[in-house]
Structures are given as structure tokens and as C-alpha cells.
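Read through the structure below, which is laid out as C-alpha cells, and then see the notes.
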Amino acid sequence: MHQLRQFVRFYKSLWNSSNQALIYRTTRKLSTTNKPIIILGIETSCDDTGIAIVDSNGKILGEAHHSQLVKHLIEGGINPTTARDLHKENIYNVYEQCIKSANIELSDVDAIAVTLEPGLPLSLIVGRDLAQQLSRSFNKPVIPIHHMQAHALMARMIEKVEFPFLVLLISGGHCLLAFAEAVDQFKILGQTTDDAPGEAFDKIGRSLKLINIPEYSQISGGQAIELASLKADNPDQFQFPLPLTHYRDCNFSFSGLKSAAKRFISIERAKHNLTEDELIPSMNNLCAGFLQIIIRHICIRTERAMEFIEKRELISKNKKTLIVSGGVASNNIFAKCLEKLCSERGYKFIRPPPKLCTDNGIMVAWNGIEKYNAGIGVLRNPEEIDAIDIRHRAPIGENWSKILTDEGIKRKWIKIYLRNIIGR
């Protein structure tokens, strides 16, 4: 009872009086006969508060999610302090909604999985603190989760995918290619040297003032640019330079493309005598050109990774698989282009449903299942659990980018044109 009182006091500042129900509310008990493993997952690495309960059969027993997107759109980007405060404000309600939708007691859960790395430190701390409090109050093991590994393995809940496979993770905070060998064994083949694609989309969306268009006012910059691209009548109007053409590696760079897009926007505003808040007439074509060059850049680096894997015979010919995930992977134009690349190279293309590409508690819970079943990183000692810490930066695995670069892979790459995808 002392621990439970500590738990309630910890959250008292976050709850309204109407929400101060007991967090261990009594509901139905699950049968213990052939009971699957059940994991509760907590995700607060950036600006999404997600909590879910998943079992080892891949069944989502309960889920709740709170997005901070609209707030950050108004503020012009993610503010870490604001993100933390919103996590604190909403995490209890998200937890209670998840428990209600699962209709189980927390005592039925085998362990608590929580994202601890990488991410915004102030956001990660909120999820960690909740996991520790739940562990103390209900005597549950805690499974630390790597955010990018969770994205990488999300597809294994939806479809049977055997190790090893190639994974491409594209989001607002990351862009990387990795060779996945096991639940916790990844080799980095390439990663962004500066910005992430989602961050580039958001900034160009803000520069174009897409938020001033009602249709785009409550969605991310990447989503807005995708929709605007579908309306383009000349996707090739703006010619962007292809990044890193002289480097035979799989790394990515988006800062130069972002600068080029801003120059085009400035030129168009000057040409039409527009203010900073007015929309340029060629907005849709610029969005299409920007999206096309980013897709082409990512496809070329991905194809080089495929060439490396085949040259090293790391995956058997009949099991070549590319898994794509992360927030930007929910872009359907991206998916179609990557699917075309996979078809040309003899790879199976797998993308989780768009909802599961973005940050969510389900992927954390499923990664907890994967680690629990493999006996990896399950903390049961209360002192160890109390000592767990977060990390702002944490590589997904061992860096093989130099090994790949030393291969000097050069070939004629597949050409991806947006006009063929969107029918222009």
C-alpha cells in the first residue's frame, strides 16, 4: 500500500480530480491456461504519447494514443519543453484509456516495455517514470526499448518475416539503412549525415505556408507535401541537385535539398511580388519536385545497400526482403516507389499499415514481446529498474558503413520518376 500511495502522489499533479480513479481498476481476469505473453508498451520518445497492450500472438488487446501535432504546427516546430509538458498532461489519460480498451488488470501483464532511447530527453523521461512507477506498484519486470529497433521489427507482428532482412527507417528524426540479423542485432549500412527527411518536409511545408490552406492546416508537412504533389501538373518544373552523387556509400543528406527548395521559394515570391505569407502559384509543382528528389536519393542509397547484401551473400536469393517503417514510410507515394525498386531487384517489399509506421505504443509492446521471448534485456531486479536511464542518441547497432563504402559499388541505378507514379 505504501508503494501504491507513492504512485498516486507521483501523478497527483497531472490528474484532474475527476480522473483520480485507481489505476489498477478491477476487470475480468484472463485465463492462465496456455496464456500468451502480454506486454504493455509505453512510447514518449518525441511528440506522441502512445500506450498499448499486445500479446505474443500479435493481438492488440488495448491501445490509446495522444498526438501533439496540431500544437506543434501552431508553434512552428517541436519544442522539447512543450512536448514534455503535454506528455505529462496526457499520459495518465492515455494509460487509463488503454487499460479500459484492453479490459484486463495490470496484474495480467507479464512485463512493461518502455522506449528509453533515442529521443528527446525531456519526453523520454516521462515514459520512463511511468514505467518505473507501474513496476514498483505492481511488481512487474521492465524491458528497455530502442525506438528504431521497435520500428524495424513492427512488421514482424503483421507478417511472418524471418531474419535476416534489410530495413529502411525514414522519419522526422532519422533516416537509416540497416541489416537486421536478430532481435537485437543490427548492422548500420548508412544513415543521414545531417537532417532527417521528415524534418526537411516539415520545414519546407512551413516555408511554403501550407498551414494556411485549410486542407493542410492540421497535418504534418510531409503529409501536406504528398497531397500537394498529387495535384502537380509539371513535377519536373523545379530541378533539384541529387545529393552525394560522388560518394559510393549509403549515407543520406537532406540539408542541401532543403536549402535549394528555400531558394526556389524565394525566387518564386520575388517573381510574383508576393509577401512571406502568400502562396506561390507553382506550389504543387515545387512539392512534387522536392518529394521526387528525396525519393530518388533514398532509392539510390537503398539499391546500393541491396547490391552490397547480394555481393556479400548475406541473404539467400529466395528470402530477400526490405522492411520500410518510420513516420515518412506512411507516405504512399514513397511506398509505391520503393515497391517498384523491390520488384526490379527481386525483393519482397513490406511496410506496416501507415498507422503503425508512425510512433505508437504498439510497436514498443511488440518489441517487448520479441525481447521477452528471446530472453533479452528483461529487468526484474527493482534496483536495476530504478537505475534505468534514457539516452538522447543511441545507434541501432554496429556501424558497417565503412565496410560498405570500401566495396566501391558503382552501377547504373534504377530511375524513379514521380510523373509515372502519380500519372502526370
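Every chain in the C-alpha cells takes a letter, A first, then B, and so on in the order presented; its residues are numbered from 1, and the ligands are numbered from 1 following the presented order.
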
Please report, as a tab-separated table, each residue of stretch 114-232 of chain A lying at most 12 Å from stretch 92-97 of chain A, together with the nearest pair of atoms and the separation in Å rounded to one decimal; use only C-alpha atoms, and order rows by chain and ascending residue number.
residue	atom	partner	partner_atom	distance
A:Val126	CA	A:Tyr92	CA	10.7
A:Gly127	CA	A:Tyr92	CA	10.5
A:Asp129	CA	A:Tyr92	CA	11.7
A:Leu130	CA	A:Tyr92	CA	8.8
A:Ala131	CA	A:Tyr95	CA	10.8
A:Gln133	CA	A:Tyr92	CA	11.9
A:Leu134	CA	A:Tyr95	CA	10.7

Create the file for the chosen residues now, containing N, CA, C and O atoms and written as a tab-separated table (two decimals), in the first residue's frame.
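Output (result08.tsv):
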chain	number	residue	atom	x	y	z
A	126	VAL	N	9.43	11.13	-19.20
A	126	VAL	CA	8.03	10.96	-18.78
A	126	VAL	C	7.60	9.49	-18.91
A	126	VAL	O	6.99	8.92	-18.00
A	127	GLY	N	7.93	8.86	-20.03
A	127	GLY	CA	7.59	7.46	-20.22
A	127	GLY	C	8.34	6.55	-19.27
A	127	GLY	O	7.78	5.60	-18.71
A	129	ASP	N	9.50	7.32	-16.28
A	129	ASP	CA	8.98	7.47	-14.92
A	129	ASP	C	7.69	6.69	-14.72
A	129	ASP	O	7.47	6.07	-13.67
A	130	LEU	N	6.83	6.69	-15.75
A	130	LEU	CA	5.59	5.92	-15.64
A	130	LEU	C	5.89	4.43	-15.55
A	130	LEU	O	5.32	3.71	-14.72
A	131	ALA	N	6.82	3.96	-16.38
A	131	ALA	CA	7.18	2.53	-16.35
A	131	ALA	C	7.74	2.13	-14.99
A	131	ALA	O	7.39	1.06	-14.45
A	133	GLN	N	7.15	3.58	-12.07
A	133	GLN	CA	6.09	3.63	-11.06
A	133	GLN	C	5.16	2.42	-11.16
A	133	GLN	O	4.79	1.83	-10.15
A	134	LEU	N	4.82	2.05	-12.39
A	134	LEU	CA	3.97	0.86	-12.56
A	134	LEU	C	4.70	-0.40	-12.10
A	134	LEU	O	4.10	-1.29	-11.48

Report task. Enumerate the residues of stretch 187-392 of chain A with a DSSP assignment of strand (DSSP E or B), computed from the backbone, and present them as a PyMOL selection string. Result -> chain A and resi 187-192+252+321-325+348-350+379

Report task. Enumerate, as a PyMOL selection string, the complete set of residues in stretch 307-350 of chain A that a backbone-based DSSP assignment places in alpha helix (DSSP H). Result -> chain A and resi 307-312+332-345

Query raised in the report: What's the 9 Å shell around A:Glu117, counting only C-alpha atoms, without same-chain residues fewer than 2 positions away, as a ChimeraX atom specification?
Result: /A:45,115,119-121,124,144-148,389-394

Emit the selected residues as a compact mmCIF listing (two decimals), in the first residue's frame, including N, CA, C and O atoms.
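File written: selection.txt
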# COMPACT_ATOMS: atom_id res chain seq x y z
N SER A 45 8.93 9.07 -27.03
CA SER A 45 10.27 9.50 -27.45
C SER A 45 10.30 10.89 -28.06
O SER A 45 11.35 11.53 -28.09
N THR A 115 10.14 2.88 -24.20
CA THR A 115 11.19 3.47 -25.02
C THR A 115 12.11 4.31 -24.14
O THR A 115 11.66 5.23 -23.46
N GLY A 119 15.84 9.69 -28.49
CA GLY A 119 14.68 10.57 -28.49
C GLY A 119 14.94 11.86 -27.75
O GLY A 119 16.08 12.13 -27.33
N LEU A 120 13.91 12.66 -27.58
CA LEU A 120 14.04 13.90 -26.82
C LEU A 120 14.12 13.55 -25.33
O LEU A 120 13.21 12.92 -24.79
N PRO A 121 15.19 13.93 -24.66
CA PRO A 121 15.36 13.53 -23.25
C PRO A 121 14.17 13.89 -22.37
O PRO A 121 13.73 13.06 -21.55
N LEU A 124 11.39 11.40 -23.16
CA LEU A 124 11.70 10.03 -22.74
C LEU A 124 11.53 9.84 -21.23
O LEU A 124 11.07 8.80 -20.77
N PRO A 144 13.65 -2.33 -21.40
CA PRO A 144 14.06 -1.12 -22.11
C PRO A 144 14.00 -1.33 -23.63
O PRO A 144 14.42 -2.38 -24.13
N ILE A 145 13.49 -0.35 -24.34
CA ILE A 145 13.28 -0.48 -25.79
C ILE A 145 14.05 0.61 -26.54
O ILE A 145 14.04 1.78 -26.14
N HIS A 146 14.69 0.18 -27.63
CA HIS A 146 15.33 1.11 -28.56
C HIS A 146 14.30 1.49 -29.62
O HIS A 146 13.74 0.64 -30.31
N HIS A 147 14.02 2.78 -29.73
CA HIS A 147 12.95 3.27 -30.59
C HIS A 147 13.07 2.77 -32.03
O HIS A 147 12.09 2.33 -32.64
N MET A 148 14.27 2.83 -32.60
CA MET A 148 14.44 2.45 -34.00
C MET A 148 14.34 0.94 -34.20
O MET A 148 13.85 0.46 -35.22
N ASP A 389 18.09 4.49 -17.28
CA ASP A 389 18.21 5.87 -17.71
C ASP A 389 17.89 5.98 -19.20
O ASP A 389 17.87 4.99 -19.92
N ILE A 390 17.67 7.21 -19.64
CA ILE A 390 17.34 7.46 -21.05
C ILE A 390 18.60 7.92 -21.79
O ILE A 390 19.59 8.34 -21.17
N ARG A 391 18.57 7.82 -23.13
CA ARG A 391 19.68 8.33 -23.95
C ARG A 391 19.12 9.09 -25.15
O ARG A 391 18.27 8.57 -25.88
N HIS A 392 19.62 10.29 -25.34
CA HIS A 392 19.19 11.13 -26.45
C HIS A 392 19.62 10.52 -27.79
O HIS A 392 18.84 10.45 -28.74
N ARG A 393 20.86 10.05 -27.85
CA ARG A 393 21.38 9.43 -29.06
C ARG A 393 21.81 8.01 -28.75
O ARG A 393 22.44 7.76 -27.72
N ALA A 394 21.50 7.10 -29.65
CA ALA A 394 21.88 5.70 -29.45
C ALA A 394 21.81 5.00 -30.80
O ALA A 394 20.73 4.90 -31.39

Requested in this report: For stretch 217-223 of chain A, work out the shell of residues within 9 Å, counting only C-alpha atoms and skipping chain neighbours fewer than 3 positions away, then give it as a VMD selection string.
Outcome: chain A and resid 69 to 70 73 197 to 206 210 to 214 226 to 228 291 328 330 to 331

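Proximity of A:Glu162, A:Glu105, A:Asp47, A:Glu181 to A:Ser123, computed with only C-alpha atoms, is greatest for A:Asp47.
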
Query raised in the report: Hey, which of A:Lys371, A:Lys348, A:Lys35, A:Arg248 ends up closest to A:Val109? Count only C-alpha atoms.
Result: A:Lys35

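Proximity ranking of A:Glu383, A:Asp110, A:Glu75, A:Asp48 relative to A:His87 places A:Asp48 first, based on only C-alpha atoms.
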
**Report entry** Shortest interatomic distance to A:Asn284 - which of A:Ala224, A:Leu106, A:Ile170, A:Ile396, counting only C-alpha atoms
**Finding:**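 Using only C-alpha atoms, the shortest distance to A:Asn284 belongs to A:Ala224.
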
Report task. Counting only C-alpha atoms, figure out which residue out of A:Leu166, A:Ile125, A:Glu278, A:Met306 gets nearest to A:Thr81. Result ->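 Among the listed residues, the smallest separation from A:Thr81 belongs to A:Ile125.
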
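Closest approach to A:Ala305 from the set A:Cys250, A:Val142, A:Gly62, A:Asn273 is made by A:Cys250, with distances taken over only C-alpha atoms.
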
**Report entry** 6 Å contact set for A:Ala150, only C-alpha atoms, chain neighbours under 4 positions out, as number ranges by chain
**Finding:** A: 363-364, 367

Selection file, N, CA, C and O atoms, as a PDB file, in the first residue's frame:
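That gives us result_33.pdb:
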ATOM      1  N   MET A 363       4.152  -0.690 -31.294  1.00  0.00           N
ATOM      2  CA  MET A 363       5.476  -1.146 -31.722  1.00  0.00           C
ATOM      3  C   MET A 363       6.383  -1.386 -30.519  1.00  0.00           C
ATOM      4  O   MET A 363       7.220  -2.296 -30.525  1.00  0.00           O
ATOM      5  N   VAL A 364       6.210  -0.588 -29.467  1.00  0.00           N
ATOM      6  CA  VAL A 364       7.015  -0.768 -28.257  1.00  0.00           C
ATOM      7  C   VAL A 364       6.615  -2.053 -27.542  1.00  0.00           C
ATOM      8  O   VAL A 364       7.470  -2.840 -27.103  1.00  0.00           O
ATOM      9  N   ASN A 367       7.929  -4.996 -29.585  1.00  0.00           N
ATOM     10  CA  ASN A 367       9.368  -5.177 -29.383  1.00  0.00           C
ATOM     11  C   ASN A 367       9.637  -5.793 -28.016  1.00  0.00           C
ATOM     12  O   ASN A 367      10.565  -6.603 -27.859  1.00  0.00           O
TER      13      ASN A 367
END
